[in-house]
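Below is the file start-v6.cif, which contains mmCIF, C-alpha atoms.
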```cif
data_start
loop_
_atom_site.label_atom_id
_atom_site.label_comp_id
_atom_site.auth_asym_id
_atom_site.auth_seq_id
_atom_site.Cartn_x
_atom_site.Cartn_y
_atom_site.Cartn_z
CA MET N 61 6.67 -26.91 -26.53
CA THR N 62 4.11 -25.52 -24.11
CA ASP N 63 4.67 -25.44 -20.35
CA HIS N 64 1.74 -25.48 -17.98
CA VAL N 65 1.43 -24.14 -14.44
CA GLN N 66 -1.65 -24.14 -12.26
CA THR N 67 -1.63 -20.49 -11.12
CA VAL N 68 0.20 -17.42 -12.42
CA VAL N 69 0.40 -14.23 -10.34
CA VAL N 70 1.46 -11.15 -12.32
CA GLY N 71 3.47 -8.75 -10.16
CA ALA N 72 6.08 -9.40 -7.46
CA GLY N 73 5.36 -6.34 -5.34
CA VAL N 74 4.29 -6.82 -1.75
CA ILE N 75 0.69 -7.70 -2.65
CA GLY N 76 1.57 -10.08 -5.47
CA THR N 77 4.14 -11.77 -3.24
CA ALA N 78 1.66 -12.08 -0.36
CA ILE N 79 -0.89 -13.60 -2.74
CA ALA N 80 1.70 -16.06 -4.07
CA ARG N 81 2.60 -17.07 -0.51
CA ALA N 82 -1.04 -17.61 0.47
CA LEU N 83 -1.84 -19.62 -2.68
CA ALA N 84 1.30 -21.75 -2.42
CA GLN N 85 0.56 -22.51 1.21
CA ALA N 86 -2.97 -23.48 0.16
CA GLY N 87 -1.53 -26.06 -2.24
CA HIS N 88 -1.39 -24.17 -5.54
CA GLU N 89 1.47 -24.57 -7.97
CA VAL N 90 2.39 -20.88 -8.34
CA LEU N 91 4.54 -18.91 -10.76
CA VAL N 92 5.02 -15.15 -10.21
CA LEU N 93 5.84 -13.06 -13.27
CA GLU N 94 7.71 -9.81 -12.61
CA ALA N 95 8.52 -7.38 -15.43
CA GLU N 96 11.64 -6.00 -13.72
CA ASP N 97 14.55 -7.56 -11.83
CA SER N 98 12.51 -7.50 -8.59
CA GLY N 99 9.27 -6.17 -7.16
CA HIS N 100 11.13 -3.51 -5.16
CA HIS N 101 11.17 -0.72 -7.75
CA HIS N 102 7.76 0.90 -7.52
CA THR N 103 4.87 1.35 -5.08
CA SER N 104 5.84 -1.45 -2.68
CA ALA N 105 9.24 0.05 -1.91
CA ARG N 106 8.37 3.74 -2.37
CA ASN N 107 5.83 4.32 0.36
CA SER N 108 5.62 5.55 3.94
CA GLN N 109 6.32 2.04 5.39
CA VAL N 110 3.55 2.69 7.93
CA ILE N 111 1.59 -0.12 9.56
CA HIS N 112 -1.87 1.47 9.59
CA ALA N 113 -4.39 0.72 12.32
CA GLY N 114 -7.54 0.89 10.15
CA ILE N 115 -9.05 4.23 11.16
CA TYR N 116 -9.78 6.12 7.96
CA TYR N 117 -11.84 3.67 5.91
CA ALA N 118 -15.59 3.26 5.59
CA PRO N 119 -16.94 0.55 7.93
CA GLY N 120 -17.59 -2.62 5.98
CA SER N 121 -15.22 -1.69 3.14
CA LEU N 122 -12.44 -3.95 1.95
CA LYS N 123 -9.92 -1.34 3.08
CA ALA N 124 -11.32 -1.33 6.61
CA ARG N 125 -11.58 -5.09 6.97
CA LEU N 126 -8.33 -6.04 5.25
CA CYS N 127 -6.33 -3.29 6.98
CA VAL N 128 -7.38 -4.37 10.47
CA GLU N 129 -6.86 -8.05 9.65
CA GLY N 130 -3.60 -7.35 7.81
CA ARG N 131 -2.20 -5.19 10.61
CA ARG N 132 -2.61 -8.02 13.10
CA MET N 133 -1.10 -10.51 10.67
CA MET N 134 1.83 -8.21 9.90
CA TYR N 135 2.78 -7.58 13.53
CA ASP N 136 2.69 -11.31 14.25
CA PHE N 137 4.65 -12.14 11.09
CA CYS N 138 7.32 -9.51 11.73
CA ALA N 139 7.74 -10.53 15.37
CA THR N 140 8.09 -14.22 14.60
CA ARG N 141 10.22 -13.84 11.45
CA HIS N 142 12.52 -11.15 12.89
CA VAL N 143 11.54 -8.45 10.39
CA ASP N 144 12.45 -4.98 11.67
CA HIS N 145 9.36 -3.08 12.78
CA LEU N 146 8.35 -0.64 15.50
CA ASN N 147 4.96 -0.22 17.17
CA CYS N 148 5.56 3.49 17.81
CA GLY N 149 1.96 4.74 17.76
CA LYS N 150 0.48 7.77 16.05
CA LEU N 151 -1.23 11.06 16.95
CA ILE N 152 -3.80 12.51 14.55
CA VAL N 153 -3.91 16.18 15.49
CA ALA N 154 -6.36 19.05 15.22
CA THR N 155 -4.78 22.44 14.70
CA THR N 156 -8.08 24.32 14.25
CA GLU N 157 -11.34 24.23 16.21
CA GLY N 158 -13.14 22.79 13.21
CA GLN N 159 -10.86 19.76 13.12
CA LEU N 160 -11.72 18.70 16.67
CA ALA N 161 -15.07 17.35 15.49
CA GLU N 162 -13.27 15.40 12.75
CA LEU N 163 -11.17 13.64 15.38
CA GLN N 164 -14.36 12.37 17.02
CA VAL N 165 -15.58 11.13 13.63
CA LEU N 166 -12.31 9.26 13.12
CA HIS N 167 -12.50 7.83 16.64
CA ASP N 168 -16.00 6.48 16.04
CA ARG N 169 -15.16 5.17 12.58
CA GLY N 170 -12.08 3.39 13.89
CA HIS N 171 -14.08 1.72 16.64
CA ALA N 172 -16.67 0.62 14.06
CA ASN N 173 -13.80 -0.99 12.13
CA GLY N 174 -12.57 -2.90 15.17
CA VAL N 175 -9.76 -0.52 16.19
CA ASP N 176 -10.57 -0.59 19.89
CA ASP N 177 -7.52 1.14 21.38
CA LEU N 178 -8.18 4.70 20.15
CA HIS N 179 -8.64 7.57 22.59
CA LEU N 180 -8.95 11.35 22.40
CA ILE N 181 -6.68 13.68 24.39
CA SER N 182 -6.32 17.42 24.84
CA GLY N 183 -3.69 19.57 23.17
CA GLU N 184 -1.85 19.88 26.48
CA ALA N 185 -1.76 16.10 26.89
CA ALA N 186 -0.51 15.74 23.33
CA THR N 187 2.35 18.17 24.08
CA ASP N 188 3.16 16.18 27.21
CA LEU N 189 3.63 13.13 24.97
CA GLU N 190 5.45 15.05 22.22
CA PRO N 191 7.07 18.28 23.55
CA GLU N 192 7.69 19.70 20.04
CA LEU N 193 4.04 19.28 19.05
CA ARG N 194 1.46 22.07 19.12
CA CYS N 195 -2.24 21.27 18.60
CA LEU N 196 -5.71 21.76 20.11
CA GLY N 197 -6.38 18.05 20.55
CA ALA N 198 -5.33 14.65 19.24
CA LEU N 199 -6.57 11.15 18.55
CA VAL N 200 -4.09 8.55 19.85
CA SER N 201 -3.64 5.38 17.80
CA PRO N 202 -1.38 3.04 19.82
CA SER N 203 -1.42 0.22 17.25
CA THR N 204 0.05 2.24 14.35
CA GLY N 205 3.69 1.50 13.57
CA VAL N 206 6.41 1.31 10.94
CA VAL N 207 8.07 -1.60 9.16
CA ASP N 208 11.15 -2.30 7.06
CA ALA N 209 9.10 -2.81 3.87
CA PRO N 210 11.91 -4.37 1.75
CA GLY N 211 12.75 -6.73 4.61
CA PHE N 212 9.09 -7.66 4.96
CA MET N 213 8.87 -8.38 1.22
CA ARG N 214 11.97 -10.57 1.31
CA ALA N 215 10.52 -12.57 4.18
CA LEU N 216 7.21 -13.05 2.34
CA GLN N 217 9.02 -14.18 -0.80
CA GLY N 218 11.15 -16.61 1.20
CA GLU N 219 8.05 -18.25 2.64
CA ALA N 220 6.34 -18.31 -0.76
CA GLU N 221 9.34 -20.07 -2.27
CA ALA N 222 9.55 -22.45 0.68
CA ALA N 223 5.94 -23.43 -0.07
CA GLY N 224 6.84 -24.12 -3.70
CA ALA N 225 6.18 -20.82 -5.51
CA SER N 226 8.60 -19.75 -8.24
CA PHE N 227 9.50 -16.19 -9.25
CA ALA N 228 10.46 -15.22 -12.81
CA THR N 229 12.00 -11.76 -13.25
CA HIS N 230 12.42 -9.77 -16.48
CA ALA N 231 9.20 -11.51 -17.51
CA PRO N 232 6.57 -8.97 -18.55
CA LEU N 233 3.21 -10.35 -19.63
CA ARG N 234 2.66 -9.33 -23.26
CA ARG N 235 -0.51 -11.22 -24.10
CA ALA N 236 -3.06 -13.45 -22.37
CA THR N 237 -5.44 -15.39 -24.59
CA SER N 238 -8.35 -17.49 -23.42
CA ASP N 239 -7.48 -21.18 -23.63
CA PRO N 240 -9.39 -24.41 -22.82
CA LYS N 241 -7.04 -24.86 -19.87
CA GLY N 242 -7.55 -21.27 -18.75
CA TRP N 243 -5.04 -18.91 -20.35
CA ARG N 244 -2.24 -18.98 -22.89
CA LEU N 245 0.40 -16.43 -21.98
CA GLU N 246 3.04 -14.65 -24.06
CA ILE N 247 5.87 -13.49 -21.82
CA GLY N 248 8.63 -11.06 -22.77
CA ASP N 249 10.26 -11.69 -26.12
CA THR N 250 9.31 -15.36 -26.33
CA ASP N 251 10.88 -17.62 -28.95
CA GLY N 252 7.94 -19.94 -29.47
CA THR N 253 7.89 -21.41 -25.97
CA GLY N 254 4.38 -21.06 -24.60
CA LEU N 255 2.91 -21.05 -21.11
CA THR N 256 -0.60 -22.00 -20.15
CA CYS N 257 -2.25 -21.71 -16.76
CA ASN N 258 -5.56 -22.51 -15.12
CA ASN N 259 -5.66 -19.45 -12.89
CA LEU N 260 -4.47 -15.89 -13.43
CA VAL N 261 -4.10 -13.15 -10.80
CA ASN N 262 -3.51 -9.59 -11.99
CA ALA N 263 -1.61 -8.00 -9.08
CA ALA N 264 0.72 -5.79 -11.11
CA GLY N 265 0.14 -2.53 -9.22
CA LEU N 266 0.91 0.35 -11.55
CA GLY N 267 0.91 -2.19 -14.39
CA SER N 268 -2.49 -3.73 -13.59
CA TRP N 269 -4.12 -1.73 -16.39
CA ASP N 270 -1.54 -3.00 -18.90
CA VAL N 271 -2.10 -6.59 -17.81
CA ALA N 272 -5.87 -6.26 -18.19
CA ALA N 273 -5.45 -4.63 -21.60
CA ALA N 274 -3.20 -7.51 -22.69
CA MET N 275 -6.04 -10.00 -22.14
CA ASP N 276 -8.40 -10.88 -24.96
CA ASP N 277 -11.22 -11.02 -22.40
CA PRO N 278 -10.43 -9.34 -19.07
CA GLY N 279 -13.98 -10.08 -17.92
CA ILE N 280 -14.49 -6.62 -16.39
CA ALA N 281 -14.72 -2.97 -17.34
CA ILE N 282 -11.19 -1.71 -16.77
CA PRO N 283 -11.31 1.30 -14.40
CA THR N 284 -9.86 4.71 -15.19
CA ARG N 285 -6.11 4.87 -14.61
CA ASN N 286 -4.71 7.61 -12.37
CA HIS N 287 -1.07 7.71 -11.34
CA VAL N 288 -0.59 9.92 -8.28
CA LYS N 289 2.94 11.11 -7.51
CA ALA N 290 3.79 11.36 -3.83
CA CYS N 291 7.01 13.12 -2.81
CA TYR N 292 8.60 13.37 0.64
CA PHE N 293 11.10 15.67 2.34
CA SER N 294 13.52 14.88 5.15
CA LEU N 295 15.71 16.86 7.55
CA GLY N 296 18.89 15.68 5.86
CA GLY N 297 19.53 12.76 8.19
CA ALA N 298 18.50 14.48 11.40
CA ALA N 299 16.52 12.48 13.93
CA SER N 300 12.77 12.91 14.14
CA PRO N 301 11.53 15.58 16.57
CA PHE N 302 8.76 13.10 17.48
CA GLU N 303 8.72 9.60 18.92
CA ARG N 304 5.38 8.87 17.28
CA LEU N 305 3.97 9.49 13.84
CA ILE N 306 2.13 12.82 13.60
CA TYR N 307 -0.76 13.15 11.13
CA PRO N 308 -3.07 16.13 10.61
CA ALA N 309 -6.83 15.64 10.45
CA PRO N 310 -7.41 14.34 6.88
CA ASP N 311 -9.45 15.75 4.05
CA ALA N 312 -11.50 13.77 1.52
CA ALA N 313 -8.65 13.19 -0.93
CA SER N 314 -5.57 12.67 1.26
CA LEU N 315 -4.23 12.23 4.78
CA GLY N 316 -2.34 15.53 4.56
CA VAL N 317 1.35 16.28 5.10
CA HIS N 318 2.42 14.19 8.06
CA SER N 319 5.57 13.44 10.03
CA LEU N 320 6.95 9.94 9.65
CA ARG N 321 9.82 8.17 11.32
CA ASP N 322 11.61 5.02 10.23
CA ILE N 323 13.03 2.13 12.23
CA GLY N 324 16.24 4.07 12.87
CA GLY N 325 14.47 7.25 13.99
CA GLN N 326 15.04 9.33 10.84
CA VAL N 327 12.20 11.65 9.86
CA ARG N 328 10.34 12.22 6.59
CA PHE N 329 7.50 14.61 5.86
CA GLY N 330 4.90 14.13 3.16
CA PRO N 331 3.46 13.15 0.86
CA SER N 332 2.57 15.55 -1.91
CA VAL N 333 -0.40 14.68 -4.12
CA HIS N 334 0.16 15.30 -7.83
CA PHE N 335 -1.72 13.52 -10.62
CA LEU N 336 0.54 12.49 -13.49
CA ASP N 337 -0.45 12.40 -17.14
CA GLY N 338 -1.99 8.99 -17.81
CA ALA N 339 0.41 6.13 -17.16
CA ALA N 340 3.51 8.32 -16.70
CA ILE N 341 6.23 7.18 -14.29
CA ASP N 342 8.31 10.04 -12.88
CA TYR N 343 10.26 9.67 -9.64
CA ARG N 344 11.99 13.07 -9.67
CA ASN N 345 11.37 15.09 -6.54
CA ASP N 346 10.81 18.50 -8.10
CA VAL N 347 8.19 19.66 -5.58
CA ASP N 348 8.38 23.12 -3.98
CA PRO N 349 9.18 22.63 -0.27
CA ALA N 350 7.47 25.87 0.81
CA PRO N 351 3.90 24.44 1.03
CA PHE N 352 5.32 21.48 2.96
CA ALA N 353 6.96 23.82 5.46
CA THR N 354 3.71 25.75 5.92
CA ALA N 355 1.76 22.55 6.55
CA ILE N 356 4.37 21.16 8.95
CA ARG N 357 4.53 24.36 11.03
CA ARG N 358 0.82 24.02 11.79
CA PHE N 359 1.76 21.22 14.20
CA TRP N 360 5.53 21.76 14.53
CA PRO N 361 6.25 25.51 14.76
CA GLY N 362 9.88 24.70 15.52
CA LEU N 363 10.72 23.54 11.98
CA PRO N 364 13.97 25.39 11.14
CA GLU N 365 14.10 27.62 8.08
CA ASP N 366 15.36 25.92 4.90
CA ALA N 367 15.66 22.60 6.73
CA LEU N 368 13.69 20.44 4.28
CA VAL N 369 15.73 18.24 1.92
CA PRO N 370 14.13 16.41 -1.05
CA ASP N 371 13.67 12.74 -0.28
CA THR N 372 12.02 9.77 -1.99
CA CYS N 373 9.05 9.79 -4.37
CA GLY N 374 6.46 7.13 -5.04
CA ILE N 375 3.51 6.67 -7.37
CA ARG N 376 0.12 5.39 -6.28
CA PRO N 377 -2.16 3.36 -8.57
CA ARG N 378 -5.39 5.27 -7.98
CA ILE N 379 -8.78 4.64 -9.58
CA THR N 380 -10.39 7.92 -8.51
CA PRO N 381 -9.89 11.24 -10.35
CA PRO N 382 -8.54 14.45 -8.78
CA GLY N 383 -10.75 15.81 -6.02
CA ALA N 384 -12.88 12.68 -5.67
CA PRO N 385 -13.12 10.77 -2.38
CA LEU N 386 -10.75 7.83 -2.27
CA ALA N 387 -12.26 4.59 -3.55
CA ASP N 388 -12.15 1.20 -1.90
CA PHE N 389 -9.76 -1.50 -3.07
CA MET N 390 -11.03 -2.96 -6.35
CA ILE N 391 -10.65 -6.75 -6.16
CA ARG N 392 -12.70 -8.60 -8.77
CA GLY N 393 -12.95 -12.38 -8.65
CA PRO N 394 -15.09 -15.12 -10.21
CA ALA N 395 -18.24 -14.02 -8.38
CA ASP N 396 -17.96 -10.62 -10.10
CA HIS N 397 -17.21 -11.63 -13.68
CA GLY N 398 -18.04 -15.35 -13.90
CA ARG N 399 -14.61 -16.47 -15.04
CA THR N 400 -13.22 -19.24 -12.81
CA GLY N 401 -9.67 -18.66 -11.57
CA LEU N 402 -9.36 -15.01 -12.64
CA VAL N 403 -8.75 -12.20 -10.12
CA HIS N 404 -7.99 -8.54 -10.87
CA LEU N 405 -6.68 -6.04 -8.32
CA PHE N 406 -6.82 -2.30 -9.06
CA GLY N 407 -6.29 0.81 -6.93
CA MET N 408 -4.09 -1.00 -4.42
CA GLU N 409 -2.70 2.07 -2.72
CA SER N 410 -2.66 2.79 1.02
CA PRO N 411 -3.28 0.75 3.13
CA GLY N 412 -2.02 -1.84 0.65
CA LEU N 413 1.23 -2.57 2.48
CA THR N 414 -0.53 -3.08 5.83
CA SER N 415 -3.29 -5.12 4.19
CA SER N 416 -1.03 -7.26 2.01
CA MET N 417 -1.16 -10.52 3.98
CA ALA N 418 -4.93 -10.21 4.46
CA ILE N 419 -5.29 -9.50 0.72
CA GLY N 420 -3.31 -12.67 0.04
CA ALA N 421 -5.69 -14.68 2.23
CA HIS N 422 -8.70 -12.98 0.60
CA VAL N 423 -7.54 -13.88 -2.92
CA ALA N 424 -6.84 -17.45 -1.83
CA ARG N 425 -10.44 -17.67 -0.63
CA LEU N 426 -11.68 -16.32 -3.96
CA MET N 427 -9.64 -19.00 -5.71
CA ALA N 428 -11.01 -21.75 -3.47
#
```

Render the structure in this file as structure tokens.
Amino acid sequence: MTDHVQTVVVGAGVIGTAIARALAQAGHEVLVLEAEDSGHHHTSARNSQVIHAGIYYAPGSLKARLCVEGRRMMYDFCATRHVDHLNCGKLIVATTEGQLAELQVLHDRGHANGVDDLHLISGEAATDLEPELRCLGALVSPSTGVVDAPGFMRALQGEAEAAGASFATHAPLRRATSDPKGWRLEIGDTDGTGLTCNNLVNAAGLGSWDVAAAMDDPGIAIPTRNHVKACYFSLGGAASPFERLIYPAPDAASLGVHSLRDIGGQVRFGPSVHFLDGAAIDYRNDVDPAPFATAIRRFWPGLPEDALVPDTCGIRPRITPPGAPLADFMIRGPADHGRTGLVHLFGMESPGLTSSMAIGAHVARLMA
């Protein structure tokens, strides 16, 4: 016996779920395959939970466009679906003279991306806003915020299911073979029951490389796989010293160690950037806190001694090697490889959470 479904999405993380919702609402019959018991185990639930404004990304890039579009969609969705979120704002700070010019670059780039509420302020004005903060100047991003990421994912899944999408857990994709109908899939430890589909979306996050490798013809050159471990530290339950998020001026490979707050006002600092060996998954927080403390004291000299407590760790699915500038999202659809109904997504790290609903709409357009 062979079952058939119109569209299969592999991966029930926030992006896979947003894609399933968008496709189901567009009239697709959708089945989401998730290898674990939910999509809440990896990148989607182990991130900063920040709603990014769209400042850092090259004008015209997918990251820039989908972040700005996705941020607007997310705020509207969270407000109307009662998902916990907070539009707290963010300060990107310069702690050296050389970084002041970088703030102007970010300001101009953000405006080019359609982030029209940015403004530069002096160090004194920044301290007026955040008394614990010390810096020479800051870029204010009023539209940055934070969200309850698991709550957001549950709401997306609820709407996907309401539109007719189904979710199958403990269902890893083992093999995908080209078929006259599209694809023949082998799922988990199947007992002879087959599944065929017309359309296949590879949105498996850290597992996207495995999904592509399981296909007899992925249609594209599979990019290099880089797992980047990102660890955070907290103050052991103490409230944040800041009302807003505080970010340093970024470098080419990361946004630096920044101060985050959650919906309840608790603080986290991070992330670290550590490339793992190949496809390794390691969520132990075994990072030395001393470099974190040094970085934090550049903008918060009042950090108490020995105050940092190991917190969560996440892993980013990156397609750029150590030291290289961060790449754009890699979303490859029929126009790229010529195969109708096939979409691959690689390198869906930050701002993937913020962009998720816009990514869903983008993939639905590719499928149209």

Next item on the list: Name the closest residue to Phe329 (chain N) among the candidates N:Ile379, N:Val369, N:Val68, N:Leu405; distances are taken between atoms, counting all atoms listed in the file.
Entry: N:Val369

Notebook entry, point to check: What does the distance between CA of Ser416 (chain N) and CA of Pro202 (chain N) come to in Å, to one decimal place?
Noted result: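 Those two atoms sit 20.6 Å apart.
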
Note to self: Just want the 12 Å neighbourhood of Glu221 (chain N), counted on all atoms listed in the file, with same-chain residues fewer than 5 positions away dropped. Output as number ranges by chain.
What the structure shows: N: 77-78, 80-85, 88-92, 214-216, 226-228

Residue IDs satisfying the PyMOL selection byres ((chain N and resi 234) around 7), as a PDB file with C-alpha atoms, in the frame of the given file:
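Listing of result30.pdb after writing:
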```
ATOM      1  CA  PRO N 232       6.570  -8.970 -18.550  1.00  0.00           C
ATOM      2  CA  LEU N 233       3.210 -10.350 -19.630  1.00  0.00           C
ATOM      3  CA  ARG N 235      -0.510 -11.220 -24.100  1.00  0.00           C
ATOM      4  CA  GLU N 246       3.040 -14.650 -24.060  1.00  0.00           C
ATOM      5  CA  ILE N 247       5.870 -13.490 -21.820  1.00  0.00           C
ATOM      6  CA  GLY N 248       8.630 -11.060 -22.770  1.00  0.00           C
ATOM      7  CA  ALA N 274      -3.200  -7.510 -22.690  1.00  0.00           C
TER       8      ALA N 274
END
```

Next item on the list: Name the residues captured by the PyMOL selection byres ((chain N and resi 105) around 10) when it is applied to the shown file; answer as a list in words.
Entry: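 Here the PyMOL selection byres ((chain N and resi 105) around 10) matches Gly73, Val74, Gly99, His100, His101, His102, Thr103, Ser104, Arg106, Asn107, Ser108, Gln109, Asp208, Ala209, Pro210, Met213, Gly374 and Leu413 of chain N.
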
Nearby residues (all atoms listed in the file) at most 7 Å from region 143-156 of chain N, same-chain spacing under 5 positions excluded, as a PDB file with C-alpha atoms, in the coordinates of the input:
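The resulting file, out-v3.pdb, is shown below:
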```pdb
ATOM      1  CA  CYS N 138       7.320  -9.510  11.730  1.00  0.00           C
ATOM      2  CA  CYS N 195      -2.240  21.270  18.600  1.00  0.00           C
ATOM      3  CA  LEU N 196      -5.710  21.760  20.110  1.00  0.00           C
ATOM      4  CA  GLY N 197      -6.380  18.050  20.550  1.00  0.00           C
ATOM      5  CA  ALA N 198      -5.330  14.650  19.240  1.00  0.00           C
ATOM      6  CA  LEU N 199      -6.570  11.150  18.550  1.00  0.00           C
ATOM      7  CA  VAL N 200      -4.090   8.550  19.850  1.00  0.00           C
ATOM      8  CA  SER N 201      -3.640   5.380  17.800  1.00  0.00           C
ATOM      9  CA  PRO N 202      -1.380   3.040  19.820  1.00  0.00           C
ATOM     10  CA  SER N 203      -1.420   0.220  17.250  1.00  0.00           C
ATOM     11  CA  THR N 204       0.050   2.240  14.350  1.00  0.00           C
ATOM     12  CA  GLY N 205       3.690   1.500  13.570  1.00  0.00           C
ATOM     13  CA  VAL N 206       6.410   1.310  10.940  1.00  0.00           C
ATOM     14  CA  VAL N 207       8.070  -1.600   9.160  1.00  0.00           C
ATOM     15  CA  ASP N 208      11.150  -2.300   7.060  1.00  0.00           C
ATOM     16  CA  GLY N 211      12.750  -6.730   4.610  1.00  0.00           C
ATOM     17  CA  PHE N 212       9.090  -7.660   4.960  1.00  0.00           C
ATOM     18  CA  GLU N 303       8.720   9.600  18.920  1.00  0.00           C
ATOM     19  CA  ARG N 304       5.380   8.870  17.280  1.00  0.00           C
ATOM     20  CA  LEU N 305       3.970   9.490  13.840  1.00  0.00           C
ATOM     21  CA  ILE N 306       2.130  12.820  13.600  1.00  0.00           C
ATOM     22  CA  TYR N 307      -0.760  13.150  11.130  1.00  0.00           C
ATOM     23  CA  PRO N 308      -3.070  16.130  10.610  1.00  0.00           C
ATOM     24  CA  ALA N 309      -6.830  15.640  10.450  1.00  0.00           C
ATOM     25  CA  ILE N 323      13.030   2.130  12.230  1.00  0.00           C
ATOM     26  CA  ARG N 358       0.820  24.020  11.790  1.00  0.00           C
ATOM     27  CA  PHE N 359       1.760  21.220  14.200  1.00  0.00           C
TER      28      PHE N 359
END
```

Notebook entry, point to check: Could you spell out the hits of the PyMOL selection byres ((chain N and resi 111-128) around 8) on the shown file, as number ranges by chain?
Noted result: N: 109-110, 129-132, 166-167, 169-175, 201, 203-207, 388-389, 411-415, 418-419

Note to self: With distances taken over all atoms listed in the file, which residue among N:Leu255, N:Ile375, N:Ile181, N:Leu426 lies nearest Cys291 (chain N)?
What the structure shows: N:Ile375

Margin query: Quick one: residues within 10 Å of region 334-344 of chain N, all atoms listed in the file, excluding same-chain residues fewer than 4 positions away - as a list of chain:residue names?
Written below: N:His102, N:Arg106, N:Leu266, N:Gly267, N:Trp269, N:Asp270, N:Thr284, N:Arg285, N:Asn286, N:His287, N:Val288, N:Lys289, N:Ala290, N:Cys291, N:Pro370, N:Asp371, N:Thr372, N:Cys373, N:Gly374, N:Ile375, N:Arg376, N:Pro377, N:Arg378, N:Pro381, N:Pro382

Checklist line | Separation of CA of Asp136 (chain N) from CA of Leu402 (chain N) in Å | finding: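 Distance between the two atoms: 29.7 Å.
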
Check: What does the distance between CA of Gly401 (chain N) and CA of Met134 (chain N) come to in Å, to one decimal place?
Finding: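 These two atoms are separated by 26.5 Å.
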